[in-house]
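Just below is one structure, and these are the notes that go with it.
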There are 4 protein chains.
Amino acid sequence: MRIGPQAHRSSAISAANEQTILVRGRVLTSELMGHIGFTDHFWLLLTGAMPSPAQRRMLDATLVAIAEHGLVPSVQASRMTLAAAPEALQGAVAAGILGCGSVVLGSSEAAGRLLARIAQRVDEGAKIEEATSAAVQALLAEKQPIPGFGHPLHKGSDPRAQRLLEIAGEVGCAGRHIAIARLVEQLLPTLAGKPLALNVSGAIPAALLDAGYPLAALKGVPILARTAGLIAHLLEEQQRPIGFVLSHAGATAITYDGPCPAGFEPSHD
Amino acid sequence: MRIGPQAHRSSAISAANEQTILVRGRVLTSELMGHIGFTDHFWLLLTGAMPSPAQRRMLDATLVAIAEHGLVPSVQASRMTLAAAPEALQGAVAAGILGCGSVVLGSSEAAGRLLARIAQRVDEGAKIEEATSAAVQALLAEKQPIPGFGHPLHKGSDPRAQRLLEIAGEVGCAGRHIAIARLVEQLLPTLAGKPLALNVSGAIPAALLDAGYPLAALKGVPILARTAGLIAHLLEEQQRPIGFVLSHAGATAITYDGPCPAGFEPSHD
Amino acid sequence: MRIGPQAHRSSAISAANEQTILVRGRVLTSELMGHIGFTDHFWLLLTGAMPSPAQRRMLDATLVAIAEHGLVPSVQASRMTLAAAPEALQGAVAAGILGCGSVVLGSSEAAGRLLARIAQRVDEGAKIEEATSAAVQALLAEKQPIPGFGHPLHKGSDPRAQRLLEIAGEVGCAGRHIAIARLVEQLLPTLAGKPLALNVSGAIPAALLDAGYPLAALKGVPILARTAGLIAHLLEEQQRPIGFVLSHAGATAITYDGPCPAGFEPSHD
Amino acid sequence: MRIGPQAHRSSAISAANEQTILVRGRVLTSELMGHIGFTDHFWLLLTGAMPSPAQRRMLDATLVAIAEHGLVPSVQASRMTLAAAPEALQGAVAAGILGCGSVVLGSSEAAGRLLARIAQRVDEGAKIEEATSAAVQALLAEKQPIPGFGHPLHKGSDPRAQRLLEIAGEVGCAGRHIAIARLVEQLLPTLAGKPLALNVSGAIPAALLDAGYPLAALKGVPILARTAGLIAHLLEEQQRPIGFVLSHAGATAITYDGPCPAGFEPSHD
């Protein structure tokens with residue numbers, strides 16, 4: 001069954017024959033392995049070009065920033081899955097990645113689209129303050145959250161966000177998207193009636209878009225980074241398991257409030 | 001419901017308060033972000049210690065080696081999934097990771113267990129040739145494949161495997177596991193009656209175990225590396241879609257051979 | 001870390017103690033097992049009440065309709081995943097389910113929301129023709145697809161859609177949502193300039209909403225149904241494997257069009 | 001790249017043209033939809049034949065038995081995933097299915113293989129008591145668990161297991177596999193030194209193998225059944241969310257025991 005148009009039938013990422021593997025046009029074994037790091041390789045895979053040192057340092061900083069933040073929901077889902085299905089590490093990693101969604105972790109992408117939309121208005125001639133204010137007010141009018149701002153634990157300020165902006169300055173790639181992100185943070189107390197600090201999922205797209213990273217691959221950054229954190233948790237889970245402790249604690253926190261035959265007492269253990 | 005023993009209730013990977021995030025005991029923003037690369041961070045997450053330069057170079061080389069090899073099954077599964085469900089990039093990545101199994105990609109782990117088992121026999125006093133020969137013969141006797149040897153495309157020699165061993169020599173971490181892997185390759189023509197070249201999934205554990213990487217996290221290397229490749233393919237899928245071309249070609253290659261009412265002709269489109 | 005409000009801490013689906021398991025307030029072993037079928041149980045799980053015979057027959061018909069349609073993308077992703085990772089049947093099923101997205105299979109949900117939106121306008125006093133026409137025109141104006149209409153193979157008419165509407169008539173639950181679906185189909189040649197037949201993903205929500213099935217669980221119908229089809233394909237894959245035939249055919253259909261060193265010839269095998 | 005042998009290139013499950021969809025050789029719309037239930041359809045999909053009434057009743061009873069058991073790990077993983085990624089119901093279902101592993105839920109398959117292995121010995125001439133005793137002793141000698149026996153909550157007796165055996169008697173399909181399962185339960189106090197009651201994951205394969213259900217599809221029963229339960233939980237999660245309550249309770253149950261800079265206090269909220 002043909003679904004959709006099928007005219008396009010090519011891919012530009014990799015090719016191989018018995019002797020040689022090409023990745024983005026380079027011979028994997030002689031040009032890449034041993035010469036570049038994994039972060040360079042990720043940038044090359046995405047864009048077809050090697051990153052500049054500033055681009056690599058910025059991408060490294062975002063991956064390091066977002067790889068790990070303790071027993072967040074996706075890590076718990078992943079550890080419970082390994083406890084139940086130890087035969088498939090890949091399944092436990094997949095369960096954790098499935099929690100990189102629009103509410104948790106994946107908001108980098110929505111924040112990036114907001115910043116890029118404002119930047120485009122500026123390109124088309126709008127003043128940066130006006131374009132930013134209009135975009136924020138539009139979201140508030142629809143009672144939408146402002147993606148990339150506010151954090152349940154780091155309420156006053158997300159230390160990772162501040163550090164990412166600082167690194168962007170150090171490596172010399174701070175530009176328009178960071179300026180817009182700072183402006184949103186300044187405007188929020190007035191427009192929203194309360195301060196909402198720039199969080200790591202707002203700082204990542206600000207810094208990476210300024211560095212030339214592709215907008216449509218933004219969600220790949222928390223996904224790749226979190227995969228590293230998940231693998232570390234799954235190694236610990238094999239050695240010091242807590243998966244079923246987590247599920248027991250979760251179940252104990254919830255009460256059954258459905259109908260009940262007379263005399264039935266749910267187990268509390 | 002308590003499943004299993006629940007005495008152990010701690011984790012040593014990360015902790016946080018409003019101002020500070022610790023990863024493996026280090027302050028994320030001041031000690032790690034901007035100072036180390038993502039590969040260092042992955043090693044730190046797994047082991048609790050920073051890698052030596054040799055360890056980092058070896059881990060980088062393996063991640064670069066295995067990140068991408070064209071339209072392999074897991075990449076096709078991932079691109080088809082994005083074509084069908086473009087709203088969830090994380091779902092398409094997860095579908096691809098689920099294909100890092102015991103037959104494809106995940107054989108690094110089985111190969112690592114084989115090498116480690118032989119190395120342990122040597123530690124216990126066996127001669128390396130005898131321990132290696134016995135382990136290979138045991139697998140052959142059970143008609144099991146030798147994990148880490150043979151490749152459907154790179155039949156004579158897997159160029160990535162050779163390059164990884166070369167890099168291990170360059171960075172000075174070639175040791176016993178690599179020696180065992182070479183020995184298996186030498187013995188196979190005699191023991192199995194045909195040559196089977198060391199492949200990338202055999203060279204990765206050989207080089208990483210010699211570098212001190214944890215055995216139980218070996219499968220994490222192809223999983224993390226392939227996540228980078230998958231994200232690149234999914235970025236291309238958004239821009240130049242082929243997901244439904246792949247599924248159309250697949251369906252066309254298969255004939256229906258079940259029962260059929262008289263006169264029914266399956267669509268060939 | 002507390003994410004979001006946490007006031008609500010209960011669940012009404014199931015409770016248990018050592019002797020008794022309650023599901024939706026009924027004793028599983030004495031009231032449900034052996035007395036009801038799986039389709040009844042699914043309805044009970046979702047709604048807390050037993051279905052009427054008409055509701056059960058309608059739900060059965062939709063599950064039977066959508067469980068299987070040959071080597072669609074999600075089935076291919078699932079079979080390739082099992083070929084690569086035979087140790088984890090659950091991983092292969094999960095890979096297939098991840099393809100129940102907004103474009104393929106999951107459009108039942110979008111179609112249901114469209115029908116429900118129009119029905120609500122009618123409840124608020126609009127005439128059914130006007131409300132339907134306005135909703136369709138709004139989608140067309142934004143160049144959005146009309147969810148539930150058109151099919152790449154069943155172009156003139158989707159036989160499953162027609163049969164579902166017929167069954168709805170037989171069991172006596174055809175109502176307003178089916179009327180709206182028929183009306184959309186009638187209006188499309190004029191409004192869109194071309195006929196687009198009601199497809200199975202449009203007929204499922206029309207029939208189920210008329211039967212009283214919950215709107216927010218519509219996507220569960222193709223997911224549950226397709227799980228049955230996936231398990232059948234995975235049983236066949238264990239016995240008569242084609243997973244790597246599918247991936248070979250897919251890869252062969254795609255040309256590498258990236259940069260290439262002089263003299264490199266990709267393998268065509 | 002050709003992986004493995006590719007001679008086999010057919011599938012017997014489904015075929016279609018523009019007017020007609022065949023499933024297992026039957027015309028879906030006229031022969032199946034409206035005439036059979038989803039449980040019949042699942043059996044047909046798996047085996048190519050319609051179930052007898054006894055087979056259908058037995059399969060229904062097992063699916064009803066295992067669909068739901070409260071906030072088990074896979075349900076929690078699924079609800080947390082939906083809370084984090086509400087845009088993809090299919091992702092939350094997949095995360096839950098990934099927990100149908102060898103330790104939880106998936107033990108039906110291992111138990112079925114044990115029963116089938118003993119049954120084969122009996123076919124080959126062994127006495128049932130001796131074959132059963134030998135198989136159990138072999139597992140105990142290797143310190144392996146006896147799959148299908150023992151339950152963390154239902155310690156004295158799993159009420160679902162008893163009910164399944166009762167239904168097998170009622171529908172007239174109790175046979176050798178059930179006899180073997182009962183025998184294992186009788187022998188365990190002596191052989192293992194403590195009683196271990198037959199659990200639902202032992203009774204499912206005993207009853208289904210006696211009914212003629214295919215051994216290699218046993219794991220499909222808990223997977224399909226649990227998908228129904230997961231969808232019910234995800235509907236509740238949309239209406240009365242507890243996903244982040246679960247993860248907060250889990251995180252609170254675990255202490256950080258890694259290294260710590262002087263003066264650092266983890267947040268307890």
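The way I read the labels, and the way they are meant: chains A, B, ... in the order of the structure tokens, residue 1 as the first residue of every chain, and ligand 1 as the first ligand shown, with later ones counted on from there.
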
Within 7 Å of Leu98 of chain C, counting only C-alpha atoms, which residues show up once you throw out same-chain ones fewer than 4 positions away? Write them as a PyMOL selection string, please. (chain B and resi 81+91+95) or (chain C and resi 94) or (chain D and resi 90-91+94)

Those same residues, written as a JSON list (two decimals), in the first residue's frame with N, CA and C atoms?
```
[["chain", "number", "residue", "atom", "x", "y", "z"],
["B", 81, "THR", "N", 8.17, 4.74, 11.96],
["B", 81, "THR", "CA", 7.40, 5.16, 13.13],
["B", 81, "THR", "C", 7.19, 6.67, 13.12],
["B", 91, "GLY", "N", 9.04, 8.69, 20.49],
["B", 91, "GLY", "CA", 8.51, 7.37, 20.15],
["B", 91, "GLY", "C", 9.29, 6.75, 19.02],
["B", 95, "ALA", "N", 11.45, 3.32, 19.21],
["B", 95, "ALA", "CA", 11.25, 2.19, 18.30],
["B", 95, "ALA", "C", 12.58, 1.74, 17.72],
["C", 94, "ALA", "N", 5.89, -3.30, 21.44],
["C", 94, "ALA", "CA", 5.97, -1.86, 21.75],
["C", 94, "ALA", "C", 6.37, -1.07, 20.51],
["D", 90, "GLN", "N", 0.11, 6.38, 22.58],
["D", 90, "GLN", "CA", 0.77, 5.14, 22.15],
["D", 90, "GLN", "C", 2.12, 4.97, 22.86],
["D", 91, "GLY", "N", 2.81, 6.07, 23.15],
["D", 91, "GLY", "CA", 4.08, 5.98, 23.85],
["D", 91, "GLY", "C", 3.90, 5.50, 25.28],
["D", 94, "ALA", "N", 3.14, 1.83, 25.16],
["D", 94, "ALA", "CA", 4.38, 1.09, 24.86],
["D", 94, "ALA", "C", 5.26, 0.99, 26.09]]
```

Taking only C-alpha atoms into account and nothing else, which residues of chain B lie no more than 6 Å away from chain A? Please answer as a ChimeraX atom specification. /B:1-3,6,14-15,18,29,33-34,37-38,42,45-46,60-61,64,70,90-91,94,98,153-154,160,217,220,228,231-232,235,244-245,248,269

Please give chain B as a short mmCIF file (atom, residue, chain, number, x, y, z; two decimals) with C-alpha atoms, in the first residue's frame, after it has been superposed on chain A by least squares over all Cα atoms paired in order.
```
data_model
loop_
_atom_site.label_atom_id
_atom_site.label_comp_id
_atom_site.auth_asym_id
_atom_site.auth_seq_id
_atom_site.Cartn_x
_atom_site.Cartn_y
_atom_site.Cartn_z
CA MET B 1 0.03 0.01 -0.05
CA ARG B 2 1.54 3.33 -1.07
CA ILE B 3 0.99 5.89 1.68
CA GLY B 4 1.70 9.46 0.62
CA PRO B 5 3.94 10.63 -2.23
CA GLN B 6 6.88 8.38 -2.96
CA ALA B 7 8.94 10.42 -5.37
CA HIS B 8 11.78 11.02 -2.96
CA ARG B 9 13.90 7.91 -2.55
CA SER B 10 17.29 8.89 -1.22
CA SER B 11 19.26 9.44 1.97
CA ALA B 12 22.48 11.40 2.43
CA ILE B 13 23.71 10.09 5.78
CA SER B 14 25.65 6.91 5.17
CA ALA B 15 26.69 4.38 2.54
CA ALA B 16 28.91 1.32 2.66
CA ASN B 17 30.53 -1.42 0.68
CA GLU B 18 32.52 -4.40 1.92
CA GLN B 19 35.69 -2.39 2.56
CA THR B 20 34.47 1.13 3.34
CA ILE B 21 31.81 2.85 5.45
CA LEU B 22 31.00 6.45 4.59
CA VAL B 23 29.33 8.74 7.09
CA ARG B 24 28.30 12.10 5.67
CA GLY B 25 30.77 11.54 2.84
CA ARG B 26 33.77 10.82 5.05
CA VAL B 27 35.49 7.47 5.44
CA LEU B 28 34.47 6.41 8.93
CA THR B 29 37.59 4.48 9.88
CA SER B 30 40.30 6.77 8.50
CA GLU B 31 38.75 10.23 8.75
CA LEU B 32 36.53 10.02 11.84
CA MET B 33 37.34 7.20 14.30
CA GLY B 34 40.24 8.20 16.53
CA HIS B 35 40.20 11.77 15.21
CA ILE B 36 36.94 13.25 16.48
CA GLY B 37 34.86 12.95 19.65
CA PHE B 38 31.28 11.67 19.92
CA THR B 39 29.90 15.20 20.24
CA ASP B 40 31.59 16.24 16.98
CA HIS B 41 30.20 13.10 15.38
CA PHE B 42 26.65 13.88 16.54
CA TRP B 43 26.90 17.36 15.00
CA LEU B 44 28.34 15.91 11.78
CA LEU B 45 25.57 13.29 11.60
CA LEU B 46 22.92 15.97 11.97
CA THR B 47 24.29 18.68 9.74
CA GLY B 48 26.77 17.08 7.34
CA ALA B 49 29.54 19.42 8.52
CA MET B 50 32.07 19.33 11.35
CA PRO B 51 31.27 21.73 14.21
CA SER B 52 33.55 24.66 15.01
CA PRO B 53 35.22 24.47 18.44
CA ALA B 54 32.62 26.93 19.77
CA GLN B 55 29.77 24.82 18.40
CA ARG B 56 31.21 21.65 19.91
CA ARG B 57 31.74 23.26 23.31
CA MET B 58 28.21 24.63 23.31
CA LEU B 59 26.71 21.26 22.34
CA ASP B 60 28.83 19.49 24.97
CA ALA B 61 27.67 21.94 27.63
CA THR B 62 23.99 21.36 26.84
CA LEU B 63 24.38 17.57 26.76
CA VAL B 64 26.21 17.63 30.11
CA ALA B 65 23.58 19.99 31.55
CA ILE B 66 20.57 17.82 30.78
CA ALA B 67 21.88 14.25 31.03
CA GLU B 68 20.97 13.69 34.66
CA HIS B 69 18.73 15.13 37.33
CA GLY B 70 18.10 12.27 39.76
CA LEU B 71 14.99 10.12 40.05
CA VAL B 72 12.80 12.02 37.60
CA PRO B 73 9.71 10.21 36.21
CA SER B 74 11.46 8.86 33.10
CA VAL B 75 14.30 7.38 35.19
CA GLN B 76 11.80 5.70 37.50
CA ALA B 77 9.85 4.29 34.56
CA SER B 78 13.10 2.96 33.15
CA ARG B 79 14.32 1.35 36.38
CA MET B 80 10.92 -0.27 37.05
CA THR B 81 10.96 -1.64 33.51
CA LEU B 82 14.40 -3.19 33.96
CA ALA B 83 13.35 -4.72 37.27
CA ALA B 84 10.37 -6.35 35.52
CA ALA B 85 12.20 -7.24 32.29
CA PRO B 86 15.93 -7.62 32.99
CA GLU B 87 16.41 -9.53 29.74
CA ALA B 88 16.09 -6.38 27.62
CA LEU B 89 18.20 -3.35 28.57
CA GLN B 90 17.08 -1.71 25.33
CA GLY B 91 13.45 -1.95 26.49
CA ALA B 92 14.21 -0.16 29.75
CA VAL B 93 16.09 2.60 27.90
CA ALA B 94 13.17 2.94 25.47
CA ALA B 95 10.68 3.21 28.34
CA GLY B 96 12.73 6.08 29.77
CA ILE B 97 13.05 7.88 26.45
CA LEU B 98 9.28 7.70 25.97
CA GLY B 99 9.02 10.11 28.91
CA CYS B 100 10.94 12.84 27.03
CA GLY B 101 7.65 14.47 26.18
CA SER B 102 6.10 17.89 25.81
CA VAL B 103 5.72 18.40 29.59
CA VAL B 104 9.04 17.02 30.86
CA LEU B 105 12.36 17.24 29.00
CA GLY B 106 10.90 17.78 25.55
CA SER B 107 9.96 21.38 26.23
CA SER B 108 13.32 22.38 24.70
CA GLU B 109 11.69 21.97 21.33
CA ALA B 110 8.64 24.11 22.12
CA ALA B 111 10.88 26.76 23.67
CA GLY B 112 13.08 26.73 20.58
CA ARG B 113 10.08 27.22 18.31
CA LEU B 114 8.98 30.21 20.40
CA LEU B 115 12.43 31.82 20.24
CA ALA B 116 12.72 31.13 16.50
CA ARG B 117 9.26 32.58 15.84
CA ILE B 118 10.19 35.81 17.62
CA ALA B 119 13.55 35.95 15.83
CA GLN B 120 11.77 35.64 12.51
CA ARG B 121 9.50 38.59 13.33
CA VAL B 122 12.63 40.59 14.11
CA ASP B 123 14.11 39.53 10.77
CA GLU B 124 10.95 40.78 9.13
CA GLY B 125 11.46 44.22 10.68
CA ALA B 126 9.76 44.10 14.08
CA LYS B 127 11.48 45.55 17.12
CA ILE B 128 12.77 42.81 19.42
CA GLU B 129 10.92 44.11 22.50
CA GLU B 130 7.63 44.34 20.65
CA ALA B 131 7.93 40.97 18.93
CA THR B 132 8.86 39.31 22.22
CA SER B 133 6.14 40.97 24.22
CA ALA B 134 3.50 40.13 21.60
CA ALA B 135 4.51 36.45 21.47
CA VAL B 136 4.43 36.08 25.25
CA GLN B 137 1.10 37.87 25.52
CA ALA B 138 -0.38 35.64 22.83
CA LEU B 139 0.54 32.53 24.87
CA LEU B 140 -0.76 34.02 28.10
CA ALA B 141 -4.03 35.01 26.41
CA GLU B 142 -4.57 31.36 25.44
CA LYS B 143 -3.60 30.30 28.99
CA GLN B 144 -0.69 28.38 27.52
CA PRO B 145 2.51 27.83 29.53
CA ILE B 146 5.60 29.74 28.41
CA PRO B 147 7.91 26.90 27.32
CA GLY B 148 11.39 27.17 28.79
CA PHE B 149 10.43 29.18 31.86
CA GLY B 150 9.70 28.06 35.44
CA HIS B 151 10.87 24.90 37.25
CA PRO B 152 9.25 22.93 40.08
CA LEU B 153 12.49 22.71 42.11
CA HIS B 154 14.73 25.54 40.90
CA LYS B 155 12.16 28.25 41.48
CA GLY B 156 14.27 31.38 41.84
CA SER B 157 16.74 30.50 39.12
CA ASP B 158 17.75 27.33 37.30
CA PRO B 159 21.53 27.16 37.82
CA ARG B 160 21.99 25.17 34.58
CA ALA B 161 20.30 27.87 32.53
CA GLN B 162 22.52 30.62 33.94
CA ARG B 163 25.63 28.55 33.37
CA LEU B 164 24.68 27.78 29.76
CA LEU B 165 24.27 31.47 28.98
CA GLU B 166 27.62 32.14 30.64
CA ILE B 167 29.32 29.47 28.52
CA ALA B 168 27.70 30.89 25.38
CA GLY B 169 29.40 34.17 26.25
CA GLU B 170 32.74 32.45 26.90
CA VAL B 171 32.79 30.59 23.59
CA GLY B 172 31.53 33.62 21.71
CA CYS B 173 28.29 32.34 20.31
CA ALA B 174 25.73 34.33 22.33
CA GLY B 175 23.39 36.02 19.89
CA ARG B 176 19.84 36.94 19.17
CA HIS B 177 18.07 33.89 20.58
CA ILE B 178 19.76 34.33 23.94
CA ALA B 179 18.84 38.03 23.89
CA ILE B 180 15.22 37.08 23.28
CA ALA B 181 15.27 34.48 26.09
CA ARG B 182 16.62 37.09 28.53
CA LEU B 183 13.97 39.53 27.39
CA VAL B 184 11.17 37.00 27.97
CA GLU B 185 12.50 36.47 31.51
CA GLN B 186 12.52 40.24 32.11
CA LEU B 187 9.02 40.73 30.75
CA LEU B 188 7.35 37.85 32.58
CA PRO B 189 6.95 39.50 36.01
CA THR B 190 4.97 42.29 34.35
CA LEU B 191 3.14 40.31 31.69
CA ALA B 192 2.34 37.19 33.73
CA GLY B 193 2.14 38.89 37.12
CA LYS B 194 4.85 36.66 38.60
CA PRO B 195 8.50 35.93 37.89
CA LEU B 196 9.30 32.71 36.04
CA ALA B 197 13.01 31.99 35.69
CA LEU B 198 14.55 30.77 32.43
CA ASN B 199 15.03 27.03 32.88
CA VAL B 200 17.44 24.58 31.29
CA SER B 201 14.91 23.70 28.57
CA GLY B 202 14.76 27.37 27.60
CA ALA B 203 18.50 27.97 27.77
CA ILE B 204 19.36 24.92 25.64
CA PRO B 205 17.53 26.12 22.52
CA ALA B 206 18.62 29.73 23.10
CA ALA B 207 22.29 28.75 23.19
CA LEU B 208 22.11 26.08 20.48
CA LEU B 209 20.13 28.13 17.98
CA ASP B 210 22.66 30.94 18.42
CA ALA B 211 25.37 28.35 17.74
CA GLY B 212 23.73 27.27 14.48
CA TYR B 213 22.26 23.96 15.65
CA PRO B 214 19.20 22.87 13.58
CA LEU B 215 15.84 23.82 15.11
CA ALA B 216 14.12 20.59 14.05
CA ALA B 217 16.70 18.50 15.96
CA LEU B 218 16.42 20.36 19.29
CA LYS B 219 14.46 17.58 20.95
CA GLY B 220 17.33 15.26 20.08
CA VAL B 221 19.53 16.98 22.66
CA PRO B 222 17.57 16.01 25.80
CA ILE B 223 16.88 12.58 24.24
CA LEU B 224 20.55 11.81 23.55
CA ALA B 225 21.72 13.31 26.84
CA ARG B 226 19.11 11.51 28.90
CA THR B 227 19.99 8.20 27.25
CA ALA B 228 23.42 8.51 28.89
CA GLY B 229 21.81 9.15 32.28
CA LEU B 230 19.38 6.27 31.82
CA ILE B 231 22.19 3.84 31.04
CA ALA B 232 23.97 4.88 34.23
CA HIS B 233 20.79 4.33 36.24
CA LEU B 234 20.27 0.93 34.62
CA LEU B 235 23.82 -0.11 35.46
CA GLU B 236 23.11 0.88 39.08
CA GLU B 237 19.76 -0.94 38.91
CA GLN B 238 21.58 -4.15 37.97
CA GLN B 239 23.94 -3.75 40.91
CA ARG B 240 21.77 -2.09 43.57
CA PRO B 241 18.13 -2.58 42.53
CA ILE B 242 15.44 -0.13 43.65
CA GLY B 243 12.89 -0.55 40.82
CA PHE B 244 10.35 -2.40 42.97
CA VAL B 245 10.98 -0.09 45.94
CA LEU B 246 9.93 2.80 43.72
CA SER B 247 6.76 1.03 42.58
CA HIS B 248 5.87 0.00 46.13
CA ALA B 249 6.26 3.58 47.34
CA GLY B 250 4.17 4.84 44.44
CA ALA B 251 1.35 2.36 45.03
CA THR B 252 1.33 3.15 48.76
CA ALA B 253 0.79 6.86 48.03
CA ILE B 254 -2.49 6.20 46.20
CA THR B 255 -5.83 5.26 47.74
CA TYR B 256 -8.48 3.18 46.01
CA ASP B 257 -11.67 5.24 45.79
CA GLY B 258 -13.80 3.03 43.57
CA PRO B 259 -16.80 0.97 44.66
CA CYS B 260 -16.18 -1.76 47.19
CA PRO B 261 -18.14 -4.78 48.46
CA ALA B 262 -19.00 -4.69 52.16
CA GLY B 263 -16.14 -5.87 54.33
CA PHE B 264 -13.39 -5.62 51.72
CA GLU B 265 -10.16 -4.17 53.05
CA PRO B 266 -7.41 -3.41 50.49
CA SER B 267 -3.95 -4.63 51.37
CA HIS B 268 -1.72 -1.80 52.52
CA ASP B 269 1.45 -3.65 51.86
#
```

As a VMD selection string, please: every residue in segment 4-244 of chain B that DSSP puts in helix (DSSP H, G or I). chain B and resid 28 to 32 38 to 47 53 to 66 73 to 84 89 to 97 107 to 123 128 to 141 159 to 171 176 to 192 200 to 211 215 to 217 220 to 239 243 to 244
